[in-house]
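**Q** Mind looking over this structure? Questions follow.
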Amino acid sequence: MNVKSNKEIEVGNFAPTGRMLWPQNSIRVIDWNIDRGLQLRAIIDFLGDAKADIFILQEVDMNARRTHRLNIAQEIAQKLRLNYVFGREFVELTQGSDTSPAYHGQATLSRCKISNSRIIRFQQQSNFWKPRWYLPTLEPFQERLGGRIALVSEINISGVSIVSYNLHLESRANDELRLAQLDEVLKDARAYKPAHLTVIAGDLNLNASDPAPAEAIARAGFTHAVPTSRLATTPARHLLEPGGHIDWAFVRGPVQIDKGRVHNSIKASDHYPISFEIGLSSGH
């Protein structure tokens, strides 16, 4: 076991070391907004059965009252013997204290080595979460410090280097702001060669099949990995409010994408997990 942290990122290694990893024909990816980890046992059960190589998770708590002060990313990694990186999106002011702060963010996990992790803290943010002097520090007001992020990591699986962007775009804003945040990610991804396998996945809080995001994603060379424009990724709240199409994954590189799926029988969060497989060519 090895855990390290700084102001924005915590890294932990719980995967067995020294074992031979044979070359793979495909890489399986799970993306999921886990709703803070409130139903942790059911979340771990699904992730454990999923047999994925990369797990890209949003809405992950650390030391929050509502999730029993647990480090949710570390709990998942320990139980499933994975390596993980956690990026701090917000300090949750109603969930911790000055001496024991609570955090909320994104986690990327894998049984393989995760390296060069960093955070893109978006330049454009909503001020919805900003503490205000006239609001009490109570849970319904959900006051926070920080802002939405993309967690970027490099993962090496059987000699294949994958760049992973773990996104959570703003929920309390309009699509114009969310598109600006997405554009920051697409611009950052230009630093990698088109042939470098790159995955962008997360809770976008918008429908990426709409013309503006779809054109931006295609222009940057990315392909949709899961048919979430056809299948909702959040449950319907009632008859007049059907489920949302807001969780997405995109891939760039000389690969085949297969088995894209929305796991809408899983009830452990207010979002459904999505999954897909990346088929590797002989050139990798």
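Chain labels follow the order of the structure tokens: the first chain is A, the next B, and so on; residue numbering restarts at 1 in every chain, and ligands are counted from 1 in their shown order.
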Taking 3 positions as the minimum chain separation for residues in the same chain, which residues sit within 10 Å of Ala216 (chain A) when counting only C-alpha atoms? Answer as a CSV table (one decimal) with all heavy atoms, in the first residue's frame.
**A**
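The resulting part.csv:
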```
chain,number,residue,atom,x,y,z
A,179,LEU,N,-20.0,24.1,-22.7
A,179,LEU,CA,-19.2,24.0,-23.9
A,179,LEU,C,-17.9,24.7,-23.8
A,179,LEU,O,-16.9,24.2,-24.4
A,179,LEU,CB,-20.0,24.6,-25.1
A,179,LEU,CG,-21.2,23.8,-25.7
A,179,LEU,CD1,-22.0,24.6,-26.6
A,179,LEU,CD2,-20.6,22.5,-26.4
A,182,LEU,N,-15.8,22.2,-21.9
A,182,LEU,CA,-15.4,21.1,-22.8
A,182,LEU,C,-14.3,21.5,-23.8
A,182,LEU,O,-13.4,20.7,-24.1
A,182,LEU,CB,-16.6,20.6,-23.6
A,182,LEU,CG,-16.4,19.5,-24.6
A,182,LEU,CD1,-15.9,18.2,-24.0
A,182,LEU,CD2,-17.7,19.2,-25.4
A,183,ASP,N,-14.4,22.7,-24.3
A,183,ASP,CA,-13.4,23.2,-25.2
A,183,ASP,C,-12.0,23.3,-24.6
A,183,ASP,O,-11.0,23.0,-25.3
A,183,ASP,CB,-13.8,24.6,-25.7
A,183,ASP,CG,-13.0,25.1,-26.9
A,183,ASP,OD1,-12.9,24.3,-27.9
A,183,ASP,OD2,-12.5,26.2,-26.9
A,186,LEU,N,-10.7,19.8,-25.0
A,186,LEU,CA,-10.3,19.5,-26.3
A,186,LEU,C,-9.0,20.2,-26.8
A,186,LEU,O,-8.2,19.6,-27.5
A,186,LEU,CB,-11.5,19.8,-27.3
A,186,LEU,CG,-12.8,19.0,-27.0
A,186,LEU,CD1,-13.9,19.5,-27.9
A,186,LEU,CD2,-12.6,17.5,-27.3
A,208,ALA,N,-24.3,15.5,-25.7
A,208,ALA,CA,-23.2,15.7,-26.6
A,208,ALA,C,-23.5,15.3,-28.0
A,208,ALA,O,-22.7,15.5,-28.9
A,208,ALA,CB,-22.0,15.0,-26.1
A,211,PRO,N,-25.9,19.6,-31.9
A,211,PRO,CA,-24.9,20.1,-33.0
A,211,PRO,C,-23.6,20.7,-32.5
A,211,PRO,O,-22.5,20.3,-32.9
A,211,PRO,CB,-25.7,21.1,-33.8
A,211,PRO,CG,-27.1,20.6,-33.6
A,211,PRO,CD,-27.2,20.1,-32.2
A,212,ALA,N,-23.7,21.6,-31.5
A,212,ALA,CA,-22.4,22.4,-31.1
A,212,ALA,C,-21.4,21.4,-30.5
A,212,ALA,O,-20.3,21.4,-30.9
A,212,ALA,CB,-22.8,23.5,-30.2
A,213,PRO,N,-21.8,20.6,-29.4
A,213,PRO,CA,-20.8,19.7,-28.9
A,213,PRO,C,-20.3,18.6,-29.8
A,213,PRO,O,-19.2,18.3,-29.9
A,213,PRO,CB,-21.4,19.2,-27.6
A,213,PRO,CG,-22.9,19.4,-27.8
A,213,PRO,CD,-23.0,20.6,-28.6
A,219,ARG,N,-14.5,17.5,-34.7
A,219,ARG,CA,-13.4,18.3,-35.2
A,219,ARG,C,-12.1,18.0,-34.5
A,219,ARG,O,-11.0,18.1,-35.1
A,219,ARG,CB,-13.8,19.8,-35.0
A,219,ARG,CG,-13.0,20.8,-35.9
A,219,ARG,CD,-13.7,22.1,-36.0
A,219,ARG,NE,-14.0,22.7,-34.6
A,219,ARG,CZ,-15.3,22.9,-34.2
A,219,ARG,NH1,-16.3,22.7,-35.1
A,219,ARG,NH2,-15.5,23.4,-33.0
A,220,ALA,N,-12.2,17.6,-33.2
A,220,ALA,CA,-11.0,17.3,-32.4
A,220,ALA,C,-10.5,15.9,-32.7
A,220,ALA,O,-9.5,15.4,-32.1
A,220,ALA,CB,-11.2,17.5,-31.0
A,221,GLY,N,-11.3,15.1,-33.5
A,221,GLY,CA,-10.8,13.8,-33.9
A,221,GLY,C,-11.4,12.7,-33.0
A,221,GLY,O,-10.9,11.5,-33.1
A,222,PHE,N,-12.3,13.0,-32.2
A,222,PHE,CA,-12.9,12.0,-31.2
A,222,PHE,C,-14.1,11.3,-31.8
A,222,PHE,O,-14.9,11.9,-32.5
A,222,PHE,CB,-13.2,12.6,-29.9
A,222,PHE,CG,-11.9,12.9,-29.1
A,222,PHE,CD1,-11.3,14.1,-29.2
A,222,PHE,CD2,-11.4,11.9,-28.2
A,222,PHE,CE1,-10.1,14.4,-28.5
A,222,PHE,CE2,-10.3,12.2,-27.4
A,222,PHE,CZ,-9.6,13.4,-27.6
```
**Q** Find the spatial neighbours of region 152-155 of chain A, counting only C-alpha atoms, within a cut-off of 7 Å - ignore same-chain residues fewer than 5 positions away - and output them as a ChimeraX atom specification.
**A** /A:112-119,161-166
**Q** Find the residues around Ala232 (chain A) up to 6 Å (only C-alpha atoms counted), leave out those fewer than 3 positions away in its own chain, and share them as a PyMOL selection string.
**A** chain A and resi 243-245
**Q** Skip region 259-267 of chain A itself and residues of its chain fewer than 2 positions away, then list as a ChimeraX atom specification all residues within 8 Å of it, counting only C-alpha atoms.
**A** /A:46,225-228,231-233,235,257,269-270,272-277
**Q** Could you write those residues out with N, CA, C and O atoms, as a PDB file, in the first residue's frame?
**A**
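Contents of selection36.pdb, freshly written:
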```
ATOM      1  N   PHE A  46     -20.755  -3.751  -8.262  1.00  0.00           N
ATOM      2  CA  PHE A  46     -20.830  -3.610  -9.724  1.00  0.00           C
ATOM      3  C   PHE A  46     -19.435  -3.478 -10.321  1.00  0.00           C
ATOM      4  O   PHE A  46     -19.104  -4.143 -11.310  1.00  0.00           O
ATOM      5  N   ALA A 225     -18.230   6.680 -28.026  1.00  0.00           N
ATOM      6  CA  ALA A 225     -17.962   5.281 -27.658  1.00  0.00           C
ATOM      7  C   ALA A 225     -19.196   4.530 -27.184  1.00  0.00           C
ATOM      8  O   ALA A 225     -19.218   3.302 -27.205  1.00  0.00           O
ATOM      9  N   VAL A 226     -20.218   5.262 -26.728  1.00  0.00           N
ATOM     10  CA  VAL A 226     -21.412   4.639 -26.146  1.00  0.00           C
ATOM     11  C   VAL A 226     -22.645   5.337 -26.732  1.00  0.00           C
ATOM     12  O   VAL A 226     -22.656   6.566 -26.840  1.00  0.00           O
ATOM     13  N   PRO A 227     -23.703   4.579 -27.074  1.00  0.00           N
ATOM     14  CA  PRO A 227     -24.877   5.197 -27.716  1.00  0.00           C
ATOM     15  C   PRO A 227     -25.795   5.911 -26.720  1.00  0.00           C
ATOM     16  O   PRO A 227     -26.989   5.613 -26.619  1.00  0.00           O
ATOM     17  N   THR A 228     -25.242   6.879 -25.973  1.00  0.00           N
ATOM     18  CA  THR A 228     -26.053   7.530 -24.945  1.00  0.00           C
ATOM     19  C   THR A 228     -27.016   8.566 -25.522  1.00  0.00           C
ATOM     20  O   THR A 228     -27.843   9.100 -24.792  1.00  0.00           O
ATOM     21  N   LEU A 231     -29.946   6.073 -25.480  1.00  0.00           N
ATOM     22  CA  LEU A 231     -30.309   5.525 -24.169  1.00  0.00           C
ATOM     23  C   LEU A 231     -29.974   6.530 -23.077  1.00  0.00           C
ATOM     24  O   LEU A 231     -28.848   7.007 -22.990  1.00  0.00           O
ATOM     25  N   ALA A 232     -30.936   6.833 -22.233  1.00  0.00           N
ATOM     26  CA  ALA A 232     -30.718   7.791 -21.147  1.00  0.00           C
ATOM     27  C   ALA A 232     -29.709   7.232 -20.147  1.00  0.00           C
ATOM     28  O   ALA A 232     -29.649   6.023 -19.909  1.00  0.00           O
ATOM     29  N   THR A 233     -28.924   8.129 -19.563  1.00  0.00           N
ATOM     30  CA  THR A 233     -27.930   7.705 -18.566  1.00  0.00           C
ATOM     31  C   THR A 233     -28.328   8.096 -17.148  1.00  0.00           C
ATOM     32  O   THR A 233     -27.583   7.848 -16.208  1.00  0.00           O
ATOM     33  N   PRO A 235     -32.017   8.001 -14.531  1.00  0.00           N
ATOM     34  CA  PRO A 235     -33.398   7.512 -14.487  1.00  0.00           C
ATOM     35  C   PRO A 235     -34.398   8.644 -14.708  1.00  0.00           C
ATOM     36  O   PRO A 235     -34.119   9.811 -14.411  1.00  0.00           O
ATOM     37  N   ILE A 257     -13.763   0.674 -31.536  1.00  0.00           N
ATOM     38  CA  ILE A 257     -14.564   0.819 -30.321  1.00  0.00           C
ATOM     39  C   ILE A 257     -15.749  -0.125 -30.431  1.00  0.00           C
ATOM     40  O   ILE A 257     -16.432  -0.172 -31.461  1.00  0.00           O
ATOM     41  N   SER A 269     -26.808   4.541  -7.979  1.00  0.00           N
ATOM     42  CA  SER A 269     -26.518   5.964  -8.109  1.00  0.00           C
ATOM     43  C   SER A 269     -27.683   6.623  -8.833  1.00  0.00           C
ATOM     44  O   SER A 269     -28.596   5.941  -9.323  1.00  0.00           O
ATOM     45  N   ASP A 270     -27.651   7.953  -8.914  1.00  0.00           N
ATOM     46  CA  ASP A 270     -28.653   8.656  -9.719  1.00  0.00           C
ATOM     47  C   ASP A 270     -28.196   8.801 -11.171  1.00  0.00           C
ATOM     48  O   ASP A 270     -28.816   9.513 -11.954  1.00  0.00           O
ATOM     49  N   TYR A 272     -26.551   6.062 -14.413  1.00  0.00           N
ATOM     50  CA  TYR A 272     -26.208   4.690 -14.781  1.00  0.00           C
ATOM     51  C   TYR A 272     -24.738   4.625 -15.211  1.00  0.00           C
ATOM     52  O   TYR A 272     -24.229   5.571 -15.827  1.00  0.00           O
ATOM     53  N   PRO A 273     -24.054   3.504 -14.935  1.00  0.00           N
ATOM     54  CA  PRO A 273     -22.709   3.326 -15.495  1.00  0.00           C
ATOM     55  C   PRO A 273     -22.789   3.154 -17.015  1.00  0.00           C
ATOM     56  O   PRO A 273     -23.778   2.639 -17.538  1.00  0.00           O
ATOM     57  N   ILE A 274     -21.748   3.598 -17.697  1.00  0.00           N
ATOM     58  CA  ILE A 274     -21.599   3.284 -19.116  1.00  0.00           C
ATOM     59  C   ILE A 274     -20.275   2.556 -19.305  1.00  0.00           C
ATOM     60  O   ILE A 274     -19.340   2.741 -18.519  1.00  0.00           O
ATOM     61  N   SER A 275     -20.201   1.715 -20.316  1.00  0.00           N
ATOM     62  CA  SER A 275     -18.979   0.947 -20.546  1.00  0.00           C
ATOM     63  C   SER A 275     -18.754   0.743 -22.038  1.00  0.00           C
ATOM     64  O   SER A 275     -19.678   0.841 -22.844  1.00  0.00           O
ATOM     65  N   PHE A 276     -17.509   0.470 -22.386  1.00  0.00           N
ATOM     66  CA  PHE A 276     -17.151   0.180 -23.771  1.00  0.00           C
ATOM     67  C   PHE A 276     -15.807  -0.514 -23.794  1.00  0.00           C
ATOM     68  O   PHE A 276     -15.089  -0.552 -22.784  1.00  0.00           O
ATOM     69  N   GLU A 277     -15.476  -1.089 -24.946  1.00  0.00           N
ATOM     70  CA  GLU A 277     -14.191  -1.750 -25.126  1.00  0.00           C
ATOM     71  C   GLU A 277     -13.443  -1.109 -26.293  1.00  0.00           C
ATOM     72  O   GLU A 277     -14.046  -0.720 -27.298  1.00  0.00           O
TER      73      GLU A 277
END
```
**Q** Counting only C-alpha atoms, figure out which residue out of A:Ile54, A:Gly279, A:Ser209, A:Ser26 gets nearest to Gln256 (chain A).
**A**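 Under the stated criterion, the closest residue is A:Gly279.
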**Q** Among the residues of region 9-170 of chain A, find those DSSP assigns to helix (DSSP H, G or I) from the backbone and print them as a ChimeraX atom specification.
**A** /A:40-50,65-67,72-80,139-141
**Q** Could the residues in this selection be written to a file with C-alpha atoms, as a PDB file, in the first residue's frame?
**A**
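Output file out-v9.pdb follows:
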```
ATOM      1  CA  LEU A  40     -20.801   2.185  -1.607  1.00  0.00           C
ATOM      2  CA  ARG A  41     -21.361  -1.556  -1.188  1.00  0.00           C
ATOM      3  CA  ALA A  42     -23.507  -1.778  -4.338  1.00  0.00           C
ATOM      4  CA  ILE A  43     -21.028   0.419  -6.229  1.00  0.00           C
ATOM      5  CA  ILE A  44     -18.119  -1.854  -5.290  1.00  0.00           C
ATOM      6  CA  ASP A  45     -20.153  -4.940  -6.214  1.00  0.00           C
ATOM      7  CA  PHE A  46     -20.830  -3.610  -9.724  1.00  0.00           C
ATOM      8  CA  LEU A  47     -17.274  -2.371 -10.308  1.00  0.00           C
ATOM      9  CA  GLY A  48     -15.837  -5.644  -9.042  1.00  0.00           C
ATOM     10  CA  ASP A  49     -18.013  -7.675 -11.408  1.00  0.00           C
ATOM     11  CA  ALA A  50     -17.301  -5.352 -14.350  1.00  0.00           C
ATOM     12  CA  ARG A  65     -20.238  13.448   6.774  1.00  0.00           C
ATOM     13  CA  ARG A  66     -22.870  12.090   4.360  1.00  0.00           C
ATOM     14  CA  THR A  67     -20.597   9.185   3.341  1.00  0.00           C
ATOM     15  CA  ILE A  72     -14.477   6.651  -1.197  1.00  0.00           C
ATOM     16  CA  ALA A  73     -11.804   6.322  -3.918  1.00  0.00           C
ATOM     17  CA  GLN A  74      -9.433   4.636  -1.507  1.00  0.00           C
ATOM     18  CA  GLU A  75     -12.163   2.285  -0.235  1.00  0.00           C
ATOM     19  CA  ILE A  76     -12.923   1.134  -3.784  1.00  0.00           C
ATOM     20  CA  ALA A  77      -9.232   0.755  -4.622  1.00  0.00           C
ATOM     21  CA  GLN A  78      -8.493  -1.266  -1.481  1.00  0.00           C
ATOM     22  CA  LYS A  79     -11.461  -3.599  -1.934  1.00  0.00           C
ATOM     23  CA  LEU A  80     -10.762  -4.224  -5.631  1.00  0.00           C
ATOM     24  CA  GLU A 139     -26.279  20.968   3.985  1.00  0.00           C
ATOM     25  CA  PRO A 140     -29.251  22.106   1.816  1.00  0.00           C
ATOM     26  CA  PHE A 141     -27.262  25.154   0.665  1.00  0.00           C
TER      27      PHE A 141
END
```
**Q** What is the CA of Ala218 (chain A)-CA of Gly202 (chain A) distance in Å, reported with one decimal?
**A**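 The value is 17.0 Å.
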**Q** Using only C-alpha atoms, determine which residues lie at most 9 Å from region 87-102 of chain A, disregarding the query and same-chain residues fewer than 2 positions distant; provide the list as a ChimeraX atom specification.
**A** /A:7-11,61-66,69,85,104-108,117-119,121,131,137-151
**Q** Take the residues just selected and output them with C-alpha atoms as a PDB file, in the first residue's frame.
**A**
```pdb
ATOM      1  CA  LYS A   7      -3.281  20.093  -2.275  1.00  0.00           C
ATOM      2  CA  GLU A   8      -5.211  18.898  -5.323  1.00  0.00           C
ATOM      3  CA  ILE A   9      -4.412  15.249  -6.019  1.00  0.00           C
ATOM      4  CA  GLU A  10      -4.192  12.064  -3.960  1.00  0.00           C
ATOM      5  CA  VAL A  11      -2.573   8.942  -5.408  1.00  0.00           C
ATOM      6  CA  ASP A  61     -16.451  11.958  -1.653  1.00  0.00           C
ATOM      7  CA  MET A  62     -13.519  12.188   0.726  1.00  0.00           C
ATOM      8  CA  ASN A  63     -14.078  12.644   4.478  1.00  0.00           C
ATOM      9  CA  ALA A  64     -17.660  13.848   4.034  1.00  0.00           C
ATOM     10  CA  ARG A  65     -20.238  13.448   6.774  1.00  0.00           C
ATOM     11  CA  ARG A  66     -22.870  12.090   4.360  1.00  0.00           C
ATOM     12  CA  ARG A  69     -16.107  10.211   6.612  1.00  0.00           C
ATOM     13  CA  VAL A  85      -5.841   8.963  -8.379  1.00  0.00           C
ATOM     14  CA  HIS A 104     -15.610  16.101  -3.504  1.00  0.00           C
ATOM     15  CA  GLY A 105     -14.118  15.269  -6.884  1.00  0.00           C
ATOM     16  CA  GLN A 106     -13.200  12.692  -9.483  1.00  0.00           C
ATOM     17  CA  ALA A 107     -11.316   9.413  -9.292  1.00  0.00           C
ATOM     18  CA  THR A 108      -9.617   7.340 -11.972  1.00  0.00           C
ATOM     19  CA  SER A 117      -1.835  12.933 -13.218  1.00  0.00           C
ATOM     20  CA  ARG A 118      -2.862  16.581 -13.237  1.00  0.00           C
ATOM     21  CA  ILE A 119      -5.929  18.761 -12.971  1.00  0.00           C
ATOM     22  CA  ARG A 121      -9.464  23.600 -13.287  1.00  0.00           C
ATOM     23  CA  PRO A 131     -20.310  30.801   0.004  1.00  0.00           C
ATOM     24  CA  THR A 137     -23.542  26.683   6.628  1.00  0.00           C
ATOM     25  CA  LEU A 138     -26.149  23.963   6.318  1.00  0.00           C
ATOM     26  CA  GLU A 139     -26.279  20.968   3.985  1.00  0.00           C
ATOM     27  CA  PRO A 140     -29.251  22.106   1.816  1.00  0.00           C
ATOM     28  CA  PHE A 141     -27.262  25.154   0.665  1.00  0.00           C
ATOM     29  CA  GLN A 142     -24.255  22.968  -0.306  1.00  0.00           C
ATOM     30  CA  GLU A 143     -21.704  25.776  -0.100  1.00  0.00           C
ATOM     31  CA  ARG A 144     -18.334  24.911  -1.624  1.00  0.00           C
ATOM     32  CA  LEU A 145     -14.887  26.236  -2.389  1.00  0.00           C
ATOM     33  CA  GLY A 146     -13.264  25.282  -5.674  1.00  0.00           C
ATOM     34  CA  GLY A 147     -14.643  24.608  -9.137  1.00  0.00           C
ATOM     35  CA  ARG A 148     -15.262  22.016 -11.807  1.00  0.00           C
ATOM     36  CA  ILE A 149     -12.273  20.085 -13.127  1.00  0.00           C
ATOM     37  CA  ALA A 150     -10.980  17.549 -15.598  1.00  0.00           C
ATOM     38  CA  LEU A 151      -8.665  14.954 -14.049  1.00  0.00           C
TER      39      LEU A 151
END
```
**Q** With DSSP run on the backbone, what are the strand (DSSP E) residues within region 146-247 of chain A? I'd like them as a PyMOL selection string.
**A** chain A and resi 146+149-157+160-168+198-203+223-224+247
**Q** Which region 112-215 of chain A residues have any atom within 10 Å of an atom of region 27-37 of chain A, and for each, what is the nearest pair of atoms with distance in Å to one decimal, counting only C-alpha atoms, rows sorted by chain and number, as a Markdown table?
**A**
```
| residue | atom | partner | partner_atom | distance |
| --- | --- | --- | --- | --- |
| A:Ile157 | CA | A:Ile27 | CA | 8.1 |
| A:Ser158 | CA | A:Ile27 | CA | 9.8 |
| A:Val160 | CA | A:Ile27 | CA | 9.7 |
| A:Ile162 | CA | A:Ile27 | CA | 9.9 |
| A:Asn166 | CA | A:Asp31 | CA | 8.6 |
| A:His168 | CA | A:Asn33 | CA | 8.8 |
| A:Val199 | CA | A:Val29 | CA | 9.3 |
| A:Ile200 | CA | A:Asp31 | CA | 9.8 |
| A:Ala201 | CA | A:Asp31 | CA | 6.5 |
| A:Gly202 | CA | A:Asp31 | CA | 6.3 |
| A:Asp203 | CA | A:Asn33 | CA | 6.5 |
```
